[in-house]
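Quick look at coords-v2.txt (compact mmCIF, C-alpha atoms):
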```
# COMPACT_ATOMS: atom_id res chain seq x y z
CA MET D 1465 15.63 -33.19 -72.94
CA ASN D 1466 18.98 -33.19 -71.16
CA ILE D 1467 20.74 -29.98 -70.13
CA PRO D 1468 24.39 -29.77 -69.02
CA PHE D 1469 23.60 -28.01 -65.74
CA LYS D 1470 20.54 -26.44 -64.19
CA PRO D 1471 20.78 -22.88 -62.89
CA ASP D 1472 17.87 -21.67 -60.83
CA LEU D 1473 15.79 -19.41 -63.07
CA ASN D 1474 12.59 -19.67 -61.07
CA GLY D 1475 10.76 -16.35 -61.03
CA LYS D 1476 12.54 -15.18 -64.18
CA VAL D 1477 10.80 -14.16 -67.39
CA ALA D 1478 12.68 -15.07 -70.56
CA VAL D 1479 11.83 -13.74 -74.01
CA VAL D 1480 13.18 -15.59 -77.04
CA THR D 1481 12.82 -13.99 -80.47
CA GLY D 1482 12.89 -16.40 -83.37
CA GLY D 1483 11.86 -18.84 -80.69
CA ALA D 1484 10.53 -21.47 -83.09
CA GLY D 1485 13.80 -21.77 -84.98
CA VAL D 1486 15.93 -24.90 -84.84
CA LEU D 1487 18.40 -23.49 -82.32
CA CYS D 1488 16.20 -21.11 -80.38
CA ARG D 1489 13.50 -23.65 -79.66
CA GLU D 1490 16.18 -25.62 -77.80
CA PHE D 1491 17.18 -22.45 -75.96
CA ALA D 1492 13.56 -21.87 -74.96
CA LYS D 1493 13.07 -25.40 -73.69
CA ALA D 1494 16.30 -25.28 -71.68
CA LEU D 1495 15.30 -22.01 -70.03
CA ALA D 1496 11.89 -23.46 -69.16
CA LEU D 1497 13.47 -26.56 -67.63
CA CYS D 1498 15.46 -24.23 -65.37
CA GLY D 1499 12.25 -22.63 -64.13
CA ALA D 1500 11.85 -19.54 -66.29
CA LYS D 1501 8.55 -18.50 -67.79
CA VAL D 1502 9.30 -18.31 -71.50
CA ALA D 1503 7.71 -16.10 -74.14
CA ILE D 1504 8.21 -17.53 -77.62
CA LEU D 1505 8.22 -14.65 -80.11
CA ASN D 1506 8.06 -15.75 -83.70
CA ARG D 1507 6.92 -14.50 -87.09
CA THR D 1508 4.68 -17.54 -87.60
CA LEU D 1509 2.42 -17.92 -84.56
CA SER D 1510 1.56 -21.59 -85.17
CA LYS D 1511 5.24 -22.54 -84.98
CA ALA D 1512 5.60 -20.67 -81.69
CA GLU D 1513 2.54 -22.48 -80.37
CA ASP D 1514 4.19 -25.80 -81.20
CA VAL D 1515 7.17 -24.85 -79.02
CA VAL D 1516 4.83 -23.85 -76.21
CA LYS D 1517 3.27 -27.32 -76.37
CA ASP D 1518 6.72 -28.91 -76.16
CA ILE D 1519 7.56 -26.81 -73.11
CA GLU D 1520 4.27 -27.60 -71.40
CA THR D 1521 4.90 -31.30 -72.02
CA LEU D 1522 8.20 -30.86 -70.17
CA GLY D 1523 6.32 -29.26 -67.27
CA GLY D 1524 7.28 -25.68 -68.03
CA GLU D 1525 5.28 -22.52 -68.63
CA ALA D 1526 5.36 -20.62 -71.91
CA MET D 1527 3.36 -18.35 -74.18
CA ALA D 1528 3.38 -17.77 -77.93
CA VAL D 1529 3.46 -14.28 -79.42
CA GLN D 1530 3.41 -13.34 -83.09
CA VAL D 1531 5.96 -10.67 -83.97
CA ASP D 1532 7.77 -9.06 -86.85
CA VAL D 1533 11.06 -8.08 -85.22
CA THR D 1534 11.77 -5.54 -87.96
CA ASN D 1535 8.60 -3.58 -87.20
CA ALA D 1536 8.59 -1.30 -84.15
CA ASN D 1537 4.81 -1.42 -83.68
CA SER D 1538 4.78 -5.21 -83.85
CA VAL D 1539 7.58 -5.44 -81.29
CA LYS D 1540 5.76 -2.97 -79.03
CA ALA D 1541 2.60 -5.09 -79.18
CA ALA D 1542 4.59 -8.22 -78.37
CA HIS D 1543 6.18 -6.50 -75.40
CA GLU D 1544 2.78 -5.47 -74.07
CA ALA D 1545 1.49 -9.02 -74.45
CA VAL D 1546 4.40 -10.41 -72.44
CA LEU D 1547 3.98 -7.78 -69.73
CA ALA D 1548 0.30 -8.57 -69.42
CA ARG D 1549 0.82 -12.33 -69.08
CA PHE D 1550 4.22 -12.82 -67.42
CA GLY D 1551 5.43 -9.40 -66.25
CA LYS D 1552 8.79 -7.74 -66.83
CA CYS D 1553 11.48 -9.45 -68.88
CA ASP D 1554 14.63 -10.63 -67.08
CA ILE D 1555 16.31 -12.52 -69.92
CA LEU D 1556 16.17 -11.52 -73.58
CA ILE D 1557 17.47 -13.90 -76.23
CA ASN D 1558 17.73 -12.14 -79.59
CA GLY D 1559 17.59 -15.20 -81.80
CA ALA D 1560 15.62 -13.91 -84.77
CA GLY D 1561 17.71 -13.61 -87.91
CA GLY D 1562 18.94 -15.51 -90.91
CA ASN D 1563 19.98 -15.25 -94.53
CA ASN D 1564 17.98 -15.22 -97.76
CA PRO D 1565 18.93 -16.80 -101.12
CA ARG D 1566 18.13 -13.52 -102.86
CA ALA D 1567 21.08 -11.92 -101.07
CA THR D 1568 23.48 -14.73 -101.97
CA THR D 1569 25.82 -14.91 -104.95
CA ASP D 1570 25.86 -18.07 -107.05
CA LYS D 1571 29.64 -18.34 -107.07
CA GLU D 1572 32.32 -17.91 -104.45
CA TYR D 1573 34.67 -15.96 -106.70
CA PHE D 1574 33.91 -13.38 -109.35
CA GLU D 1575 35.42 -14.22 -112.71
CA LEU D 1576 35.74 -12.43 -116.03
CA GLY D 1577 32.50 -12.82 -117.98
CA ASP D 1578 30.24 -13.26 -114.96
CA ILE D 1579 28.47 -9.95 -115.54
CA ASP D 1580 27.02 -11.18 -118.82
CA ALA D 1581 26.72 -14.83 -117.80
CA ASP D 1582 23.57 -16.56 -116.57
CA THR D 1583 24.72 -16.36 -112.97
CA LYS D 1584 23.90 -14.13 -110.00
CA SER D 1585 27.03 -12.19 -109.22
CA PHE D 1586 27.77 -9.49 -106.69
CA PHE D 1587 26.58 -6.93 -109.22
CA ASP D 1588 23.15 -8.56 -109.43
CA LEU D 1589 22.38 -8.27 -105.73
CA SER D 1590 19.66 -5.69 -105.15
CA ASP D 1591 19.66 -3.14 -102.37
CA ASP D 1592 16.21 -4.35 -101.30
CA ASP D 1593 17.44 -7.91 -100.78
CA ILE D 1594 20.56 -6.80 -98.93
CA GLU D 1595 18.45 -4.51 -96.77
CA PHE D 1596 16.01 -7.33 -95.99
CA VAL D 1597 18.77 -9.55 -94.60
CA PHE D 1598 20.49 -6.75 -92.72
CA ASN D 1599 17.26 -5.56 -91.16
CA LEU D 1600 16.20 -9.05 -90.16
CA ASN D 1601 19.42 -9.54 -88.22
CA TYR D 1602 20.44 -6.10 -86.98
CA ILE D 1603 17.18 -4.15 -86.74
CA GLY D 1604 15.57 -7.41 -85.59
CA THR D 1605 17.95 -7.33 -82.62
CA LEU D 1606 17.85 -3.59 -81.97
CA LEU D 1607 14.07 -3.21 -81.75
CA PRO D 1608 13.41 -6.05 -79.27
CA THR D 1609 16.31 -4.77 -77.18
CA GLN D 1610 14.81 -1.30 -77.08
CA ALA D 1611 11.46 -2.73 -76.00
CA PHE D 1612 12.49 -5.31 -73.43
CA ALA D 1613 15.63 -3.73 -71.95
CA LYS D 1614 13.39 -1.04 -70.45
CA ASP D 1615 12.03 -3.77 -68.17
CA MET D 1616 15.55 -4.53 -66.94
CA ILE D 1617 16.86 -1.11 -65.93
CA GLY D 1618 17.98 -1.06 -62.30
CA ARG D 1619 16.92 -4.65 -61.61
CA GLU D 1620 19.38 -7.35 -60.54
CA GLY D 1621 20.21 -10.38 -62.65
CA CYS D 1622 18.96 -9.11 -66.00
CA THR D 1623 20.76 -10.10 -69.16
CA ILE D 1624 20.61 -9.95 -72.94
CA LEU D 1625 22.03 -12.65 -75.17
CA ASN D 1626 22.47 -12.03 -78.88
CA VAL D 1627 23.15 -14.63 -81.56
CA SER D 1628 26.16 -13.84 -83.72
CA SER D 1629 27.90 -16.18 -86.17
CA MET D 1630 31.21 -17.42 -87.53
CA ASN D 1631 30.64 -14.85 -90.27
CA ALA D 1632 31.30 -12.14 -87.71
CA PHE D 1633 34.89 -13.32 -87.29
CA THR D 1634 35.72 -13.98 -90.94
CA PRO D 1635 33.14 -13.49 -93.70
CA LEU D 1636 32.10 -16.57 -95.62
CA THR D 1637 31.92 -16.48 -99.39
CA LYS D 1638 28.60 -15.97 -101.21
CA ILE D 1639 26.68 -14.34 -98.33
CA PRO D 1640 27.81 -10.70 -97.99
CA ALA D 1641 24.62 -9.35 -96.40
CA TYR D 1642 24.47 -12.02 -93.71
CA SER D 1643 28.19 -11.73 -92.97
CA GLY D 1644 27.96 -7.97 -92.60
CA ALA D 1645 24.86 -8.18 -90.44
CA LYS D 1646 26.37 -10.69 -88.03
CA ALA D 1647 29.56 -8.64 -87.75
CA ALA D 1648 27.25 -5.78 -86.77
CA ILE D 1649 25.62 -7.98 -84.12
CA SER D 1650 28.97 -8.73 -82.46
CA ASN D 1651 29.87 -5.04 -82.48
CA PHE D 1652 26.42 -4.09 -81.19
CA THR D 1653 26.77 -6.63 -78.38
CA GLN D 1654 29.93 -4.93 -77.17
CA TRP D 1655 28.37 -1.49 -77.54
CA LEU D 1656 25.30 -2.48 -75.54
CA ALA D 1657 27.43 -4.10 -72.82
CA VAL D 1658 29.23 -0.82 -72.23
CA HIS D 1659 26.09 1.29 -72.60
CA PHE D 1660 24.12 -0.69 -70.01
CA SER D 1661 27.00 -1.42 -67.63
CA LYS D 1662 25.88 1.17 -65.06
CA VAL D 1663 22.30 -0.07 -64.77
CA GLY D 1664 22.83 -3.77 -64.10
CA ILE D 1665 22.21 -5.27 -67.55
CA ARG D 1666 24.79 -7.72 -68.90
CA VAL D 1667 24.97 -8.21 -72.67
CA ASN D 1668 26.80 -11.08 -74.38
CA ALA D 1669 26.53 -13.20 -77.51
CA ILE D 1670 26.96 -16.74 -78.74
CA ALA D 1671 28.53 -17.33 -82.15
CA PRO D 1672 27.42 -20.76 -83.33
CA GLY D 1673 29.66 -22.64 -85.70
CA PHE D 1674 28.10 -24.78 -88.38
CA PHE D 1675 24.83 -26.54 -87.74
CA SER D 1676 22.82 -28.26 -90.45
CA THR D 1677 19.31 -26.76 -90.37
CA ASP D 1678 16.39 -26.25 -92.72
CA GLN D 1679 17.56 -22.70 -93.29
CA ASN D 1680 20.95 -23.62 -94.74
CA LYS D 1681 20.30 -27.08 -96.17
CA ALA D 1682 20.37 -25.85 -99.76
CA LEU D 1683 23.95 -24.70 -99.27
CA LEU D 1684 25.05 -27.85 -97.44
CA TRP D 1685 23.29 -30.75 -99.13
CA ASN D 1686 22.47 -31.75 -102.68
CA ASP D 1687 18.95 -32.83 -103.63
CA ASP D 1688 19.98 -36.48 -103.34
CA GLY D 1689 21.23 -35.97 -99.77
CA THR D 1690 24.92 -36.00 -100.58
CA PRO D 1691 27.12 -33.22 -99.14
CA THR D 1692 27.86 -30.22 -101.32
CA ALA D 1693 31.37 -29.01 -102.01
CA ARG D 1694 30.70 -26.25 -99.48
CA THR D 1695 30.02 -28.84 -96.78
CA GLY D 1696 33.34 -30.45 -97.60
CA LYS D 1697 35.11 -27.12 -97.14
CA ILE D 1698 33.34 -26.42 -93.85
CA LEU D 1699 34.20 -29.77 -92.34
CA ALA D 1700 37.77 -29.56 -93.59
CA ALA D 1701 38.10 -26.22 -91.77
CA THR D 1702 36.50 -27.52 -88.57
CA PRO D 1703 39.09 -29.40 -86.48
CA MET D 1704 36.36 -31.55 -84.91
CA GLU D 1705 35.31 -32.54 -88.47
CA ARG D 1706 31.54 -32.44 -87.95
CA PHE D 1707 28.53 -30.17 -87.68
CA GLY D 1708 27.34 -29.13 -84.25
CA THR D 1709 24.07 -30.20 -82.67
CA PRO D 1710 21.68 -27.67 -81.07
CA ASP D 1711 22.11 -29.11 -77.58
CA GLU D 1712 25.82 -28.28 -77.75
CA LEU D 1713 24.96 -24.59 -77.47
CA LEU D 1714 23.10 -24.98 -74.19
CA GLY D 1715 26.12 -24.91 -71.91
CA ALA D 1716 27.17 -21.51 -73.19
CA LEU D 1717 23.57 -20.27 -73.08
CA LEU D 1718 22.96 -21.27 -69.48
CA PHE D 1719 26.36 -20.00 -68.34
CA LEU D 1720 25.70 -16.56 -69.81
CA VAL D 1721 22.13 -16.15 -68.52
CA ASP D 1722 22.91 -17.40 -65.01
CA GLU D 1723 23.89 -14.50 -62.77
CA LYS D 1724 25.72 -16.76 -60.33
CA SER D 1725 27.88 -18.22 -63.09
CA SER D 1726 28.68 -15.09 -65.10
CA SER D 1727 27.93 -12.01 -63.01
CA PHE D 1728 31.21 -10.33 -64.09
CA VAL D 1729 30.91 -11.37 -67.74
CA THR D 1730 29.66 -8.82 -70.23
CA GLY D 1731 30.55 -7.77 -73.76
CA ILE D 1732 31.89 -11.12 -74.96
CA VAL D 1733 31.08 -13.27 -77.99
CA ILE D 1734 31.60 -16.99 -77.35
CA PRO D 1735 32.31 -19.17 -80.40
CA VAL D 1736 30.76 -22.63 -80.16
CA ASP D 1737 32.27 -23.94 -83.35
CA GLY D 1738 34.31 -27.13 -83.04
CA GLY D 1739 37.50 -25.10 -83.42
CA PHE D 1740 36.59 -23.42 -86.71
CA SER D 1741 37.54 -19.90 -85.58
CA ALA D 1742 40.89 -21.12 -84.21
CA TYR D 1743 42.04 -23.00 -87.30
CA SER D 1744 44.19 -21.29 -89.92
CA GLY D 1745 43.91 -24.14 -92.42
CA VAL D 1746 47.52 -25.26 -91.96
```
Mind turning the file's structure into structure tokens?
Amino acid sequence: MNIPFKPDLNGKVAVVTGGAGVLCREFAKALALCGAKVAILNRTLSKAEDVVKDIETLGGEAMAVQVDVTNANSVKAAHEAVLARFGKCDILINGAGGNNPRATTDKEYFELGDIDADTKSFFDLSDDDIEFVFNLNYIGTLLPTQAFAKDMIGREGCTILNVSSMNAFTPLTKIPAYSGAKAAISNFTQWLAVHFSKVGIRVNAIAPGFFSTDQNKALLWNDDGTPTARTGKILAATPMERFGTPDELLGALLFLVDEKSSSFVTGIVIPVDGGFSAYSGV
């Protein structure tokens, strides 16, 4: 694994929620290569254990912890497990999140007749499904922050990094719950940065552009592997005309967690998006 630069994170404890996901597993490995002890928190323990094996193969040190980031008791237990094995958290990456097809409309635009048609419109979205997506992203960031930020109070070089999205800048069609939740994450990032500014905790976020992962493949690719119309729209609105790769997030990650590089940086959301957020379409 290649990383763009290598800050010294020796002696640091990093906690990565959603640590077995496509993007966050790369975050975890990069942090380990820089010397941090990394706790991989994930809903499915076996997937977290796979990431631990990858990190150990690279010569790093990691542990796997099962967690439901939307459950306070589960997060508390995960925090206690990390304390017992590695000690206090210095770096928290709130990477757990995602969308769910149940909270997604079938069509981009509502049209006359859709209420009675065999299609899932805005009016067919249930409060339970919307709540599931919102809680996964927002509550799933709030609870780990409450647990692990206590370790950071009054200690030098501690930082929290949240994962926002392009949806936070301008909502995408079809996914209202996810768009709203990620907008909340960006706002929460700024709120936390101010709230913790007197006790030495920096809080920032990365807003990834479009990456093709298992989670969004149904929206981006047809069953035969050809791109969907949505993929065509995304690439047409991305000046660099391609999807990103997970390793292209590592520069922003390492910059924001490294105290020497970003000691006066807090409360920002960095788009890593191939120009998507800068492009008006004309």
For stretch 1712-1723 of chain D: contacts at 10 Å, only C-alpha atoms, fewer than 5 positions along chain excluded, given as number ranges by chain
D: 1466-1473, 1478, 1487-1488, 1490-1491, 1494-1495, 1498, 1554-1557, 1620-1625, 1666-1673, 1728-1730, 1732, 1734-1737
Hey, which of D:Lys1493, D:Leu1636, D:Gly1485, D:Gly1551 ends up closest to D:Thr1508? Count all atoms listed in the file.
D:Gly1485
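Nearest residue to D:Ser1744 among D:Ser1726, D:Asn1680, D:Ser1661, D:Thr1634 is D:Thr1634, counting all atoms listed in the file.
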So, counting only C-alpha atoms, which residue among D:Leu1606, D:Met1465, D:Ala1581, D:Ala1492 is closest to D:Val1533?
D:Leu1606
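Taking all atoms listed in the file into account, the polymer residues that have an atom no farther than 8 Å from (6.4, -13.6, -77.4) are Val1479, Val1480, Thr1481, Ala1503, Ile1504, Leu1505, Asn1506, Met1527, Ala1528, Val1529, Gln1530, Val1531, Ala1542, His1543, Ala1545 and Val1546 of chain D.
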Residue subset to file, keeping C-alpha atoms, as a PDB file, in the coordinates of the input:
```pdb
ATOM      1  CA  VAL D1479      11.830 -13.740 -74.010  1.00  0.00           C
ATOM      2  CA  VAL D1480      13.180 -15.590 -77.040  1.00  0.00           C
ATOM      3  CA  THR D1481      12.820 -13.990 -80.470  1.00  0.00           C
ATOM      4  CA  ALA D1503       7.710 -16.100 -74.140  1.00  0.00           C
ATOM      5  CA  ILE D1504       8.210 -17.530 -77.620  1.00  0.00           C
ATOM      6  CA  LEU D1505       8.220 -14.650 -80.110  1.00  0.00           C
ATOM      7  CA  ASN D1506       8.060 -15.750 -83.700  1.00  0.00           C
ATOM      8  CA  MET D1527       3.360 -18.350 -74.180  1.00  0.00           C
ATOM      9  CA  ALA D1528       3.380 -17.770 -77.930  1.00  0.00           C
ATOM     10  CA  VAL D1529       3.460 -14.280 -79.420  1.00  0.00           C
ATOM     11  CA  GLN D1530       3.410 -13.340 -83.090  1.00  0.00           C
ATOM     12  CA  VAL D1531       5.960 -10.670 -83.970  1.00  0.00           C
ATOM     13  CA  ALA D1542       4.590  -8.220 -78.370  1.00  0.00           C
ATOM     14  CA  HIS D1543       6.180  -6.500 -75.400  1.00  0.00           C
ATOM     15  CA  ALA D1545       1.490  -9.020 -74.450  1.00  0.00           C
ATOM     16  CA  VAL D1546       4.400 -10.410 -72.440  1.00  0.00           C
TER      17      VAL D1546
END
```
Some atoms are absent from stretch 1517-1540 of chain D, so rebuild N, CA and C atoms and return them as a short mmCIF file (atom, residue, chain, number, x, y, z; two decimals), in the frame of the given file.
```cif
data_model
loop_
_atom_site.label_atom_id
_atom_site.label_comp_id
_atom_site.auth_asym_id
_atom_site.auth_seq_id
_atom_site.Cartn_x
_atom_site.Cartn_y
_atom_site.Cartn_z
N LYS D 1517 3.76 -25.98 -76.71
CA LYS D 1517 3.27 -27.32 -76.37
C LYS D 1517 4.42 -28.21 -75.91
N ASP D 1518 5.55 -28.12 -76.58
CA ASP D 1518 6.72 -28.91 -76.16
C ASP D 1518 7.14 -28.55 -74.74
N ILE D 1519 7.15 -27.26 -74.45
CA ILE D 1519 7.56 -26.81 -73.11
C ILE D 1519 6.56 -27.26 -72.06
N GLU D 1520 5.28 -27.17 -72.36
CA GLU D 1520 4.27 -27.60 -71.40
C GLU D 1520 4.36 -29.10 -71.17
N THR D 1521 4.70 -29.86 -72.19
CA THR D 1521 4.90 -31.30 -72.02
C THR D 1521 6.05 -31.59 -71.06
N LEU D 1522 7.05 -30.71 -71.07
CA LEU D 1522 8.20 -30.86 -70.17
C LEU D 1522 7.90 -30.34 -68.77
N GLY D 1523 6.70 -29.78 -68.58
CA GLY D 1523 6.32 -29.26 -67.27
C GLY D 1523 6.60 -27.79 -67.08
N GLY D 1524 6.97 -27.10 -68.14
CA GLY D 1524 7.28 -25.68 -68.03
C GLY D 1524 6.10 -24.81 -68.40
N GLU D 1525 6.33 -23.49 -68.32
CA GLU D 1525 5.28 -22.52 -68.63
C GLU D 1525 5.78 -21.60 -69.74
N ALA D 1526 4.95 -21.43 -70.76
CA ALA D 1526 5.36 -20.62 -71.91
C ALA D 1526 4.14 -20.00 -72.56
N MET D 1527 4.41 -18.99 -73.39
CA MET D 1527 3.36 -18.35 -74.18
C MET D 1527 3.90 -18.08 -75.58
N ALA D 1528 3.01 -18.04 -76.55
CA ALA D 1528 3.38 -17.77 -77.93
C ALA D 1528 2.91 -16.37 -78.31
N VAL D 1529 3.79 -15.63 -78.99
CA VAL D 1529 3.46 -14.28 -79.42
C VAL D 1529 3.93 -14.10 -80.86
N GLN D 1530 3.02 -13.63 -81.72
CA GLN D 1530 3.41 -13.34 -83.09
C GLN D 1530 4.12 -11.99 -83.13
N VAL D 1531 5.22 -11.92 -83.89
CA VAL D 1531 5.96 -10.67 -83.97
C VAL D 1531 6.72 -10.58 -85.28
N ASP D 1532 6.85 -9.37 -85.78
CA ASP D 1532 7.77 -9.06 -86.85
C ASP D 1532 8.85 -8.20 -86.20
N VAL D 1533 10.03 -8.78 -85.99
CA VAL D 1533 11.06 -8.08 -85.22
C VAL D 1533 11.64 -6.88 -85.96
N THR D 1534 11.29 -6.71 -87.22
CA THR D 1534 11.77 -5.54 -87.96
C THR D 1534 10.77 -4.40 -87.95
N ASN D 1535 9.66 -4.58 -87.24
CA ASN D 1535 8.60 -3.58 -87.20
C ASN D 1535 8.40 -3.12 -85.76
N ALA D 1536 8.63 -1.83 -85.51
CA ALA D 1536 8.59 -1.30 -84.15
C ALA D 1536 7.22 -1.48 -83.50
N ASN D 1537 6.15 -1.28 -84.25
CA ASN D 1537 4.81 -1.42 -83.68
C ASN D 1537 4.51 -2.87 -83.31
N SER D 1538 4.97 -3.80 -84.14
CA SER D 1538 4.78 -5.21 -83.85
C SER D 1538 5.54 -5.62 -82.60
N VAL D 1539 6.77 -5.14 -82.47
CA VAL D 1539 7.58 -5.44 -81.29
C VAL D 1539 6.94 -4.83 -80.04
N LYS D 1540 6.43 -3.62 -80.16
CA LYS D 1540 5.76 -2.97 -79.03
C LYS D 1540 4.55 -3.78 -78.57
#
```
